[in-house]
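Asker: File model-v6.cif follows (mmCIF, C-alpha atoms and all ligand atoms):
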```cif
data_start
loop_
_atom_site.label_atom_id
_atom_site.label_comp_id
_atom_site.auth_asym_id
_atom_site.auth_seq_id
_atom_site.Cartn_x
_atom_site.Cartn_y
_atom_site.Cartn_z
CA MET I 82 -12.43 28.32 37.61
CA ASP I 83 -9.98 31.19 37.84
CA HIS I 84 -9.29 34.10 40.15
CA PHE I 85 -10.04 37.00 37.79
CA LEU I 86 -13.42 38.20 39.01
CA TYR I 87 -15.33 41.44 39.36
CA ARG I 88 -15.70 42.75 42.90
CA ASP I 89 -17.78 45.85 43.52
CA GLY I 90 -17.63 46.75 39.85
CA ALA I 91 -13.87 46.35 39.32
CA LEU I 92 -11.86 43.44 37.93
CA PHE I 93 -9.60 41.84 40.51
CA ALA I 94 -6.74 39.38 40.15
CA GLU I 95 -7.08 37.41 43.38
CA ASP I 96 -7.15 40.25 45.96
CA VAL I 97 -5.58 42.98 43.84
CA PRO I 98 -7.52 45.41 41.63
CA VAL I 99 -6.24 45.03 38.05
CA ALA I 100 -6.42 48.81 37.57
CA ASP I 101 -3.93 49.29 40.45
CA ILE I 102 -1.43 47.02 38.73
CA ALA I 103 -1.96 48.85 35.44
CA ALA I 104 -1.29 52.17 37.20
CA SER I 105 1.93 50.81 38.64
CA VAL I 106 3.26 48.79 35.67
CA GLY I 107 1.77 50.59 32.65
CA THR I 108 -0.04 48.83 29.81
CA PRO I 109 -0.04 46.42 28.10
CA PHE I 110 1.05 43.59 30.39
CA TYR I 111 0.42 39.93 31.16
CA LEU I 112 -0.98 39.13 34.58
CA TYR I 113 -0.98 35.66 36.15
CA SER I 114 -2.76 34.34 39.21
CA ALA I 115 -0.66 32.03 41.38
CA ALA I 116 -3.76 30.52 43.00
CA THR I 117 -5.18 29.60 39.59
CA LEU I 118 -1.92 28.06 38.38
CA LEU I 119 -1.64 25.97 41.54
CA ARG I 120 -5.28 24.95 41.44
CA HIS I 121 -5.01 23.71 37.87
CA PHE I 122 -1.82 21.78 38.59
CA GLN I 123 -3.47 20.23 41.64
CA LEU I 124 -6.47 19.10 39.60
CA PHE I 125 -4.19 16.98 37.42
CA ASP I 126 -2.13 15.74 40.35
CA ASP I 127 -5.31 14.68 42.17
CA ALA I 128 -6.76 13.11 39.02
CA LEU I 129 -3.85 10.66 38.91
CA ALA I 130 -3.56 10.16 42.66
CA GLY I 131 -4.47 6.50 42.25
CA VAL I 132 -1.34 5.66 40.26
CA ASP I 133 2.37 6.37 40.37
CA HIS I 134 2.62 9.56 38.29
CA LEU I 135 4.34 12.83 37.50
CA VAL I 136 2.64 15.91 36.07
CA CYS I 137 5.20 17.63 33.85
CA PHE I 138 4.12 21.17 33.03
CA ALA I 139 4.54 21.90 29.29
CA MET I 140 6.54 25.05 29.87
CA LYS I 141 6.27 26.07 26.22
CA SER I 142 2.85 27.42 27.26
CA ALA I 143 4.24 29.83 29.89
CA SER I 144 7.90 29.76 30.76
CA ASN I 145 8.59 32.60 33.19
CA GLN I 146 10.84 31.26 35.94
CA ALA I 147 8.51 32.55 38.65
CA ILE I 148 5.76 30.34 37.21
CA LEU I 149 8.12 27.38 36.93
CA LYS I 150 9.27 27.79 40.53
CA LEU I 151 5.70 28.10 41.78
CA LEU I 152 4.67 24.87 40.03
CA GLY I 153 7.96 23.11 40.76
CA ASP I 154 7.59 23.82 44.48
CA ALA I 155 4.12 22.27 44.28
CA GLY I 156 5.66 19.08 42.87
CA ALA I 157 5.45 19.55 39.12
CA GLY I 158 8.03 18.26 36.71
CA MET I 159 8.68 20.07 33.42
CA ASP I 160 8.31 19.12 29.78
CA VAL I 161 10.95 21.02 27.80
CA VAL I 162 11.46 21.25 24.05
CA SER I 163 14.71 23.15 23.67
CA GLY I 164 18.04 23.83 25.30
CA GLY I 165 16.68 27.23 26.28
CA GLU I 166 13.70 25.72 28.08
CA TYR I 167 15.97 23.18 29.76
CA ALA I 168 18.23 26.00 31.01
CA ARG I 169 15.24 28.00 32.23
CA ALA I 170 13.79 25.06 34.11
CA ARG I 171 17.12 24.38 35.78
CA ALA I 172 17.56 28.08 36.60
CA ALA I 173 14.10 28.01 38.23
CA GLY I 174 15.31 25.22 40.51
CA ILE I 175 13.73 22.20 38.79
CA SER I 176 15.95 19.18 39.23
CA GLY I 177 17.03 17.25 36.15
CA ASN I 178 15.27 14.08 37.26
CA LYS I 179 11.94 15.91 36.90
CA ILE I 180 12.57 17.19 33.38
CA VAL I 181 11.48 15.36 30.26
CA PHE I 182 12.89 16.48 26.92
CA SER I 183 10.42 16.40 24.01
CA GLY I 184 10.64 17.64 20.42
CA ILE I 185 11.53 16.28 17.00
CA GLY I 186 14.75 18.17 16.39
CA LYS I 187 16.95 17.95 19.46
CA THR I 188 20.48 18.89 18.53
CA ARG I 189 23.57 17.10 19.78
CA ALA I 190 24.43 20.20 21.83
CA GLU I 191 21.02 20.08 23.50
CA MET I 192 21.39 16.37 24.22
CA GLU I 193 24.79 16.96 25.76
CA MET I 194 23.45 19.79 27.88
CA ALA I 195 20.66 17.65 29.31
CA LEU I 196 22.80 14.55 29.79
CA THR I 197 25.37 16.58 31.68
CA GLY I 198 22.88 18.59 33.71
CA GLY I 199 20.56 15.69 34.53
CA ILE I 200 17.44 14.47 32.76
CA ARG I 201 14.51 12.22 33.57
CA GLN I 202 14.09 11.00 30.01
CA PHE I 203 14.31 11.97 26.38
CA ASN I 204 11.20 11.43 24.30
CA VAL I 205 12.86 10.34 21.08
CA GLU I 206 11.02 10.91 17.81
CA SER I 207 13.04 9.20 15.07
CA GLU I 208 15.75 6.65 14.34
CA PRO I 209 18.34 9.29 13.36
CA GLU I 210 17.69 11.05 16.66
CA MET I 211 18.13 7.75 18.48
CA LEU I 212 21.48 7.19 16.80
CA ALA I 213 22.64 10.71 17.64
CA LEU I 214 21.61 10.39 21.28
CA SER I 215 23.32 7.03 21.58
CA ALA I 216 26.54 8.54 20.18
CA VAL I 217 26.40 11.62 22.45
CA ALA I 218 25.71 9.50 25.55
CA THR I 219 28.51 7.08 24.65
CA ASP I 220 30.96 9.99 24.24
CA LEU I 221 29.97 11.30 27.67
CA GLY I 222 30.12 7.82 29.22
CA VAL I 223 26.52 7.99 30.46
CA VAL I 224 23.26 6.18 29.75
CA ALA I 225 20.33 8.12 28.28
CA PRO I 226 16.87 7.00 29.47
CA ILE I 227 14.40 7.16 26.58
CA THR I 228 10.83 6.68 25.57
CA VAL I 229 9.95 6.61 21.89
CA ARG I 230 7.17 8.92 20.79
CA VAL I 231 4.72 7.04 18.65
CA ASN I 232 2.37 8.59 16.16
CA PRO I 233 -0.87 6.65 16.64
CA ASP I 234 -2.61 8.07 13.54
CA VAL I 235 -5.50 9.53 15.51
CA ASP I 236 -7.26 12.74 14.53
CA ALA I 237 -7.44 14.93 17.63
CA LYS I 238 -10.28 16.99 16.06
CA THR I 239 -8.63 20.27 16.92
CA HIS I 240 -7.24 23.23 14.97
CA GLU I 241 -5.23 22.06 11.93
CA LYS I 242 -2.07 23.79 13.17
CA ILE I 243 -2.01 22.06 16.55
CA ALA I 244 -3.02 18.49 15.64
CA THR I 245 0.05 16.25 15.93
CA GLY I 246 -1.06 12.63 15.95
CA ARG I 247 -2.18 11.95 12.39
CA LYS I 248 0.04 9.92 10.11
CA GLY I 249 0.91 12.92 7.92
CA ASP I 250 2.06 14.99 10.91
CA LYS I 251 5.79 15.39 11.49
CA PHE I 252 5.73 13.97 15.01
CA GLY I 253 6.77 10.61 16.41
CA ILE I 254 7.43 7.33 14.66
CA PRO I 255 4.57 5.51 12.94
CA ILE I 256 3.02 3.21 15.51
CA SER I 257 2.93 0.50 12.84
CA ARG I 258 6.76 0.48 12.86
CA ALA I 259 7.16 0.74 16.62
CA ARG I 260 8.26 -2.85 17.33
CA GLU I 261 10.95 -2.68 14.67
CA ILE I 262 12.24 0.66 15.98
CA TYR I 263 12.23 -0.46 19.63
CA ALA I 264 14.33 -3.44 18.52
CA VAL I 265 16.87 -1.01 17.04
CA ALA I 266 16.85 1.12 20.21
CA ALA I 267 17.41 -1.87 22.46
CA LYS I 268 20.62 -2.72 20.58
CA LEU I 269 22.11 0.77 20.62
CA PRO I 270 24.78 1.47 23.22
CA SER I 271 24.16 3.96 26.04
CA LEU I 272 20.37 4.09 25.60
CA LYS I 273 17.95 2.64 28.12
CA VAL I 274 14.44 2.16 26.81
CA ILE I 275 12.00 2.77 29.64
CA GLY I 276 8.67 3.50 28.02
CA ILE I 277 6.40 4.94 25.37
CA ASP I 278 5.44 8.54 24.64
CA VAL I 279 2.45 9.92 22.77
CA HIS I 280 0.97 13.39 22.24
CA ILE I 281 -1.81 13.83 19.70
CA GLY I 282 -2.48 17.56 19.79
CA SER I 283 -3.55 20.58 21.77
CA GLN I 284 -6.88 22.15 22.79
CA LEU I 285 -8.76 18.82 22.63
CA THR I 286 -12.30 19.23 23.85
CA ASP I 287 -13.33 15.57 23.74
CA LEU I 288 -11.81 12.55 25.49
CA ALA I 289 -12.54 10.14 22.61
CA PRO I 290 -9.37 10.80 20.54
CA PHE I 291 -7.22 10.55 23.70
CA LYS I 292 -8.85 7.25 24.55
CA THR I 293 -8.31 5.85 21.06
CA ALA I 294 -4.64 6.83 21.19
CA TYR I 295 -4.15 5.46 24.72
CA GLU I 296 -5.77 2.15 23.76
CA LYS I 297 -3.21 1.85 20.98
CA VAL I 298 -0.47 2.59 23.53
CA ALA I 299 -1.87 -0.10 25.85
CA ASP I 300 -1.75 -2.63 23.00
CA LEU I 301 1.76 -1.60 22.07
CA THR I 302 2.89 -1.92 25.69
CA GLU I 303 1.81 -5.56 25.71
CA HIS I 304 3.52 -6.26 22.38
CA LEU I 305 6.76 -4.57 23.38
CA ARG I 306 6.81 -6.41 26.68
CA ALA I 307 6.30 -9.66 24.79
CA ASP I 308 9.29 -8.67 22.64
CA GLY I 309 11.35 -8.41 25.84
CA HIS I 310 11.39 -4.64 26.41
CA GLU I 311 10.92 -3.27 29.88
CA ILE I 312 8.10 -0.75 29.54
CA SER I 313 7.65 0.89 32.91
CA ARG I 314 6.68 4.46 32.05
CA LEU I 315 4.02 5.93 29.76
CA ASP I 316 4.21 9.61 28.84
CA LEU I 317 0.76 10.56 27.59
CA GLY I 318 1.50 14.12 26.44
CA GLY I 319 -0.68 17.14 27.06
CA GLY I 320 -3.54 18.60 25.11
CA LEU I 321 -6.61 18.81 27.33
CA GLY I 322 -8.51 21.91 26.19
CA ILE I 323 -9.94 24.87 28.07
CA PRO I 324 -13.09 26.95 27.67
CA TYR I 325 -12.14 30.17 25.85
CA ALA I 326 -15.54 31.86 26.00
CA ILE I 327 -17.52 32.60 29.14
CA GLY I 328 -20.94 31.02 28.93
CA ASP I 329 -19.84 28.55 26.27
CA ASN I 330 -21.95 25.47 26.93
CA ASP I 331 -19.54 23.18 25.18
CA ARG I 332 -17.22 22.70 28.17
CA PRO I 333 -14.15 20.51 27.68
CA PRO I 334 -13.80 17.49 29.97
CA LEU I 335 -12.32 18.10 33.41
CA PRO I 336 -8.90 16.82 34.53
CA ALA I 337 -10.69 14.40 36.90
CA GLN I 338 -12.55 12.81 33.96
CA TYR I 339 -9.35 12.72 31.94
CA GLY I 340 -7.51 11.04 34.83
CA GLU I 341 -10.28 8.50 35.26
CA MET I 342 -10.13 7.60 31.57
CA ILE I 343 -6.32 7.23 31.77
CA ILE I 344 -6.55 4.88 34.73
CA ASP I 345 -9.36 2.88 33.06
CA THR I 346 -7.41 2.52 29.84
CA LEU I 347 -3.88 2.05 31.11
CA GLY I 348 -4.00 1.47 34.87
CA HIS I 349 -3.84 -2.34 34.54
CA LEU I 350 -0.37 -2.13 32.98
CA GLY I 351 1.27 -1.04 36.23
CA CYS I 352 3.31 1.68 34.52
CA GLU I 353 4.26 5.03 35.96
CA ILE I 354 2.13 7.64 34.19
CA GLU I 355 3.45 11.00 33.04
CA ILE I 356 1.34 13.75 31.52
CA GLU I 357 2.46 17.04 29.97
CA PRO I 358 -0.38 19.55 30.32
CA GLY I 359 0.38 23.16 29.44
CA ARG I 360 -2.69 25.12 28.40
CA LEU I 361 -5.05 23.79 31.06
CA ILE I 362 -2.64 24.84 33.80
CA SER I 363 -1.60 28.25 32.48
CA GLY I 364 -4.31 29.33 30.00
CA ASN I 365 -7.01 30.59 32.29
CA ALA I 366 -4.42 31.59 34.90
CA GLY I 367 -3.37 34.59 32.83
CA ILE I 368 -4.90 37.70 31.29
CA LEU I 369 -3.51 40.38 29.01
CA VAL I 370 -4.37 43.89 30.16
CA SER I 371 -4.44 46.62 27.55
CA GLN I 372 -5.63 50.20 27.24
CA ILE I 373 -7.82 51.74 24.56
CA ILE I 374 -5.82 54.36 22.66
CA TYR I 375 -8.60 55.55 20.36
CA ILE I 376 -12.11 54.74 19.31
CA LYS I 377 -12.26 55.41 15.59
CA SER I 378 -15.27 55.46 13.29
CA GLY I 379 -14.75 53.72 9.97
CA GLU I 380 -17.01 53.77 6.92
CA ASP I 381 -19.22 50.98 8.23
CA ARG I 382 -17.90 50.06 11.67
CA GLU I 383 -16.29 51.25 14.87
CA PHE I 384 -12.69 50.35 15.63
CA MET I 385 -11.39 50.00 19.14
CA ILE I 386 -7.64 50.59 18.89
CA LEU I 387 -5.66 49.09 21.77
CA ASP I 388 -2.07 49.53 22.91
CA GLY I 389 -1.67 45.72 22.80
CA ALA I 390 -1.07 44.16 19.40
CA MET I 391 -0.54 40.94 17.49
CA ASN I 392 3.12 40.90 18.55
CA ASP I 393 1.96 40.65 22.18
CA LEU I 394 -0.76 38.04 21.59
CA ILE I 395 -0.47 36.28 18.24
CA ARG I 396 -3.18 33.63 18.74
CA PRO I 397 -6.09 35.48 17.06
CA ALA I 398 -3.95 36.36 14.01
CA MET I 399 -2.29 32.94 13.82
CA TYR I 400 -5.12 30.53 14.58
CA GLY I 401 -8.21 32.73 14.34
CA ALA I 402 -8.43 32.09 18.10
CA HIS I 403 -11.17 33.61 20.22
CA HIS I 404 -10.30 35.40 23.46
CA ASP I 405 -12.97 37.00 25.58
CA ILE I 406 -12.20 40.71 25.97
CA ILE I 407 -13.78 42.31 29.02
CA PRO I 408 -13.72 45.81 30.48
CA VAL I 409 -11.70 46.21 33.68
CA ILE I 410 -14.52 48.35 35.08
CA GLU I 411 -17.61 46.16 35.16
CA PRO I 412 -20.36 47.50 32.91
CA PRO I 413 -23.80 47.95 34.48
CA ALA I 414 -25.99 44.88 34.07
CA GLY I 415 -28.17 44.99 30.96
CA VAL I 416 -26.25 47.86 29.35
CA ASP I 417 -26.61 48.14 25.56
CA LYS I 418 -23.67 46.71 23.67
CA THR I 419 -22.35 47.74 20.28
CA PRO I 420 -20.06 45.87 17.90
CA TYR I 421 -16.43 46.92 17.58
CA ASP I 422 -13.53 45.63 15.54
CA ILE I 423 -10.88 45.36 18.25
CA VAL I 424 -7.43 45.95 16.79
CA GLY I 425 -3.84 46.74 17.69
CA PRO I 426 -1.52 49.43 16.30
CA VAL I 427 0.68 47.12 14.18
CA CYS I 428 0.73 47.91 10.48
CA GLU I 429 -1.12 44.83 9.24
CA SER I 430 -4.81 44.19 8.86
CA GLY I 431 -4.08 40.84 10.51
CA ASP I 432 -3.50 42.76 13.71
CA THR I 433 -7.16 42.25 14.59
CA PHE I 434 -8.16 40.58 17.83
CA ALA I 435 -11.89 40.42 17.17
CA LYS I 436 -14.36 41.52 14.53
CA ALA I 437 -17.79 42.92 15.37
CA ARG I 438 -17.33 42.03 19.03
CA ASP I 439 -20.21 43.30 21.16
CA MET I 440 -18.84 45.59 23.87
CA PRO I 441 -20.44 47.99 26.35
CA PRO I 442 -19.88 51.72 25.77
CA MET I 443 -16.13 52.37 26.17
CA ASN I 444 -13.78 55.30 25.76
CA ALA I 445 -10.16 56.00 25.03
CA GLY I 446 -8.16 55.47 28.20
CA ASP I 447 -10.32 52.59 29.46
CA LEU I 448 -8.69 49.26 30.26
CA VAL I 449 -9.67 45.88 28.85
CA ALA I 450 -8.55 42.37 29.75
CA PHE I 451 -8.08 39.46 27.34
CA ARG I 452 -9.06 36.34 29.20
CA SER I 453 -7.44 32.92 28.76
CA ALA I 454 -4.16 34.52 27.68
CA GLY I 455 -1.84 32.76 30.13
CA ALA I 456 -0.93 29.95 27.72
CA TYR I 457 0.87 30.60 24.45
CA GLY I 458 0.61 34.35 25.06
CA ALA I 459 3.79 35.88 26.45
CA VAL I 460 5.89 32.99 25.16
CA MET I 461 4.84 33.60 21.56
CA SER I 462 5.26 37.36 21.67
CA SER I 463 7.81 39.21 19.58
CA GLU I 464 9.26 42.67 19.13
CA TYR I 465 7.71 43.17 15.71
CA ASN I 466 7.47 46.88 14.90
CA THR I 467 10.17 47.33 17.61
CA ARG I 468 7.49 47.09 20.24
CA PRO I 469 9.07 46.08 23.56
CA LEU I 470 8.09 42.68 24.98
CA ILE I 471 5.41 43.48 27.50
CA PRO I 472 5.90 42.88 31.23
CA GLU I 473 4.69 39.82 33.05
CA VAL I 474 3.22 40.24 36.53
CA LEU I 475 2.34 37.55 39.08
CA VAL I 476 -0.31 38.00 41.76
CA MET I 477 -0.51 35.89 44.88
CA GLY I 478 -3.23 36.86 47.33
CA ASP I 479 -2.86 40.59 47.97
CA GLN I 480 0.68 40.91 46.62
CA PHE I 481 1.97 41.29 43.11
CA ALA I 482 5.39 41.43 41.50
CA VAL I 483 6.73 42.17 38.06
CA ILE I 484 8.30 38.88 36.98
CA ARG I 485 9.60 40.20 33.66
CA PRO I 486 10.13 43.94 33.32
CA ARG I 487 9.38 45.93 30.19
CA PRO I 488 12.65 46.54 28.33
CA THR I 489 13.55 50.11 27.44
CA TYR I 490 14.03 51.14 23.83
CA ASP I 491 17.76 51.28 24.57
CA ASP I 492 17.70 47.67 25.80
CA ILE I 493 16.24 46.67 22.47
CA ILE I 494 18.24 48.77 20.05
CA ASN I 495 21.55 48.22 21.82
CA ARG I 496 21.33 44.52 20.99
CA ASP I 497 22.07 45.38 17.36
CA THR I 498 25.66 45.84 16.37
CA VAL I 499 26.58 47.85 13.31
CA PRO I 500 29.80 46.53 11.75
CA GLU I 501 32.74 48.93 11.75
CA TRP I 502 33.06 48.63 7.99
CA LEU I 503 29.69 50.24 7.40
N1 LIG I 601 3.54 17.91 25.04
C1 LIG I 601 3.94 18.10 23.77
C2 LIG I 601 4.89 17.15 23.17
C3 LIG I 601 3.46 19.19 23.03
O1 LIG I 601 3.85 19.38 21.77
C4 LIG I 601 2.54 20.10 23.63
C5 LIG I 601 2.04 21.26 22.90
C6 LIG I 601 2.16 19.86 24.97
C7 LIG I 601 2.67 18.75 25.63
C8 LIG I 601 1.22 20.75 25.70
O2 LIG I 601 -0.05 20.79 25.13
P1 LIG I 601 -1.22 21.58 25.87
O3 LIG I 601 -1.55 20.84 27.14
O4 LIG I 601 -0.74 22.96 26.16
O5 LIG I 601 -2.33 21.56 24.91
N2 LIG I 601 0.61 27.65 20.21
C9 LIG I 601 -0.59 26.86 20.14
C10 LIG I 601 -0.45 25.57 20.92
C11 LIG I 601 0.73 24.71 20.50
C12 LIG I 601 0.85 23.43 21.27
C13 LIG I 601 2.13 22.76 20.97
N3 LIG I 601 2.39 21.56 21.70
C14 LIG I 601 -1.76 27.71 20.63
O6 LIG I 601 -1.57 28.87 20.96
O7 LIG I 601 -2.90 27.22 20.66
#
```
Could you express the structure from this file as structure tokens?
Ligand code: LLP

Answerer:
Amino acid sequence: MDHFLYRDGALFAEDVPVADIAASVGTPFYLYSAATLLRHFQLFDDALAGVDHLVCFAMKSASNQAILKLLGDAGAGMDVVSGGEYARARAAGISGNKIVFSGIGKTRAEMEMALTGGIRQFNVESEPEMLALSAVATDLGVVAPITVRVNPDVDAKTHEKIATGRKGDKFGIPISRAREIYAVAAKLPSLKVIGIDVHIGSQLTDLAPFKTAYEKVADLTEHLRADGHEISRLDLGGGLGIPYAIGDNDRPPLPAQYGEMIIDTLGHLGCEIEIEPGRLISGNAGILVSQIIYIKSGEDREFMILDGAMNDLIRPAMYGAHHDIIPVIEPPAGVDKTPYDIVGPVCESGDTFAKARDMPPMNAGDLVAFRSAGAYGAVMSSEYNTRPLIPEVLVMGDQFAVIRPRPTYDDIINRDTVPEWL
């Protein structure tokens, strides 16, 4: 459930008409609902209420500091994957002991940054990384808490580009070699092994692959304990999927069902449980609002040309992802719909959001909203075609604020420097 609903024929974000925000901010822009973000976080927190746990928001999905502060104040930790994300989380007031550092290519500089600034744990993904972290921690005279991310060789049955837990994927260490690698870790100076980490992919719509992976983690926990390691924390990654199309009957499992399965599978081990959800918290808490520039008739189809483009929302071009696109003024019930190819102005045919999408009659100047755009939307945007990054706006109740302003053309072009010798 989210808080983007029609009221008296107009789309609202919580208690604010979306058209009012568009008039004030200009289009295109991202719009988030604080109530929806908090509700989704709370669903996970409640789902694990029976066990010692921390919900670490995967901030790669939406990293504006206003969002981080909102979730942090509600009790969330953060899952970061770069020095930049670490710095953002800290700037948003998240304390180091609630930040977990994931990712396969942490640099020594990033390790040093997190060890100096404070970190809950590093999720280490290889032996060379382990050696580097041990050396950096030793140089700093500190101890680095670690889990090792294992690759359980489980097919998450999701989009090829976001499956991460099969043996050919670049993530984690093969679970078959885990005991050997934990033995190495235990001997390295300045590392403290505290647990196991796993993440098998994103936008999973079935609990079965999670369960298979978590059963393997349960087994491994017992083996590692028998080998003398203290395994007190399990980081189970993120990945629970969301419905992208209204009326889709194939609804992904709910956080409560996910939490129940986690406790069933792993609860007996007495470990602290961490999860790293991103999309389920932020995805349906954000929309992208865009204006129709032209309706154009092609040889055999109608094109709806928007002011938003693939640089603003790359998911359709990159993954063939579906986003519902709805008019900001509610169409009359039962109105005839016609198919449009909905496209942006960027000079690539790939800049197509939807083909033959049935839409009610619409005109240039009308506003549309892309639903489910809060995760992996703004964070994956670029300035391709020298199009300014679009603003982000947060609504809470009847108030809204721009949480990232639209840069001017000068802001963008003044970042370039032309060498004197040219
Ligand atoms: N933890 C780790 C280690 C991850 O790699 C990810 C996502 C998450 C947690 C959060 O997963 P989530 O709960 O959001 O599914 N850009 C793609 C998604 C990439 C996901 C990358 N890793 C998209 O737009 O669909």

Asker: Hey, can I get the axis-aligned box for ligand LIG 601 (chain I)? All listed atoms, 3 Å padding on each side, centre and edge lengths in Å to one decimal, as lines of an AutoDock Vina configuration file.

Answerer:
```
center_x = 1.0
center_y = 23.0
center_z = 23.6
size_x = 13.8
size_y = 17.7
size_z = 13.0
```

Asker: In Å, with one decimal, what is the gap from CA of Arg201 (chain I) to CA of Asp220 (chain I)?

Answerer: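 Computed distance, CA of Arg201 (chain I) to CA of Asp220 (chain I), equals 19.0 Å.
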
Asker: Would you please work out which residue, of I:Ser283, I:Ser453, I:Asn444, I:Ser257, is nearest to Lys377 (chain I) when using all atoms listed in the file?

Answerer: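 The closest residue to Lys377 (chain I) is I:Asn444.
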
Asker: Show me which residues sit within 6 Å of ligand LIG 601 (chain I) when counting only C-alpha atoms and all ligand atoms, and put them as a count of residues only.

Answerer: 17

Asker: Taking all atoms listed in the file into account, which of I:Ser371, I:Asn495, I:Ile185, I:Asp447 comes nearest Val106 (chain I)?

Answerer: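 Selected residue with least distance to Val106 (chain I): I:Ser371.
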
Asker: Looking at I:Pro488, I:Pro408, I:Pro397, I:Gly282, which one is nearest to Met461 (chain I), with distances taken over only C-alpha atoms?

Answerer: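 Checking each of I:Pro488, I:Pro408, I:Pro397, I:Gly282 against Met461 (chain I), counting only C-alpha atoms, the winner is I:Pro397.
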
Asker: So which one's closest to Gly184 (chain I), I:Phe85, I:Tyr113, I:Phe125, I:Phe252? Using only C-alpha atoms, please.

Answerer: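 Going through I:Phe85, I:Tyr113, I:Phe125, I:Phe252 one by one, the smallest distance to Gly184 (chain I) is for I:Phe252.
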
Asker: Rank I:Leu285, I:Ala482, I:Met342, I:Ala326 by their smallest atom-to-atom distance to Ala454 (chain I), using all atoms listed in the file, and report the top residue only.

Answerer: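 The answer is I:Ala326, which sits nearest to Ala454 (chain I).
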
Asker: Could you jot down the CA of Ala225 (chain I) to CA of Glu353 (chain I) separation for me, Å, one decimal place?

Answerer: 18.1 Å

Asker: I'd like the neighbourhood of Ala437 (chain I) as a list in words, where a residue qualifies if any of its atoms comes within 8 Å (using all atoms listed in the file), though same-chain residues fewer than 5 positions away should be ignored.

Answerer: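 These residues fall inside the cut-off: Pro420, Tyr421, Asp422 and Ile423 of chain I.
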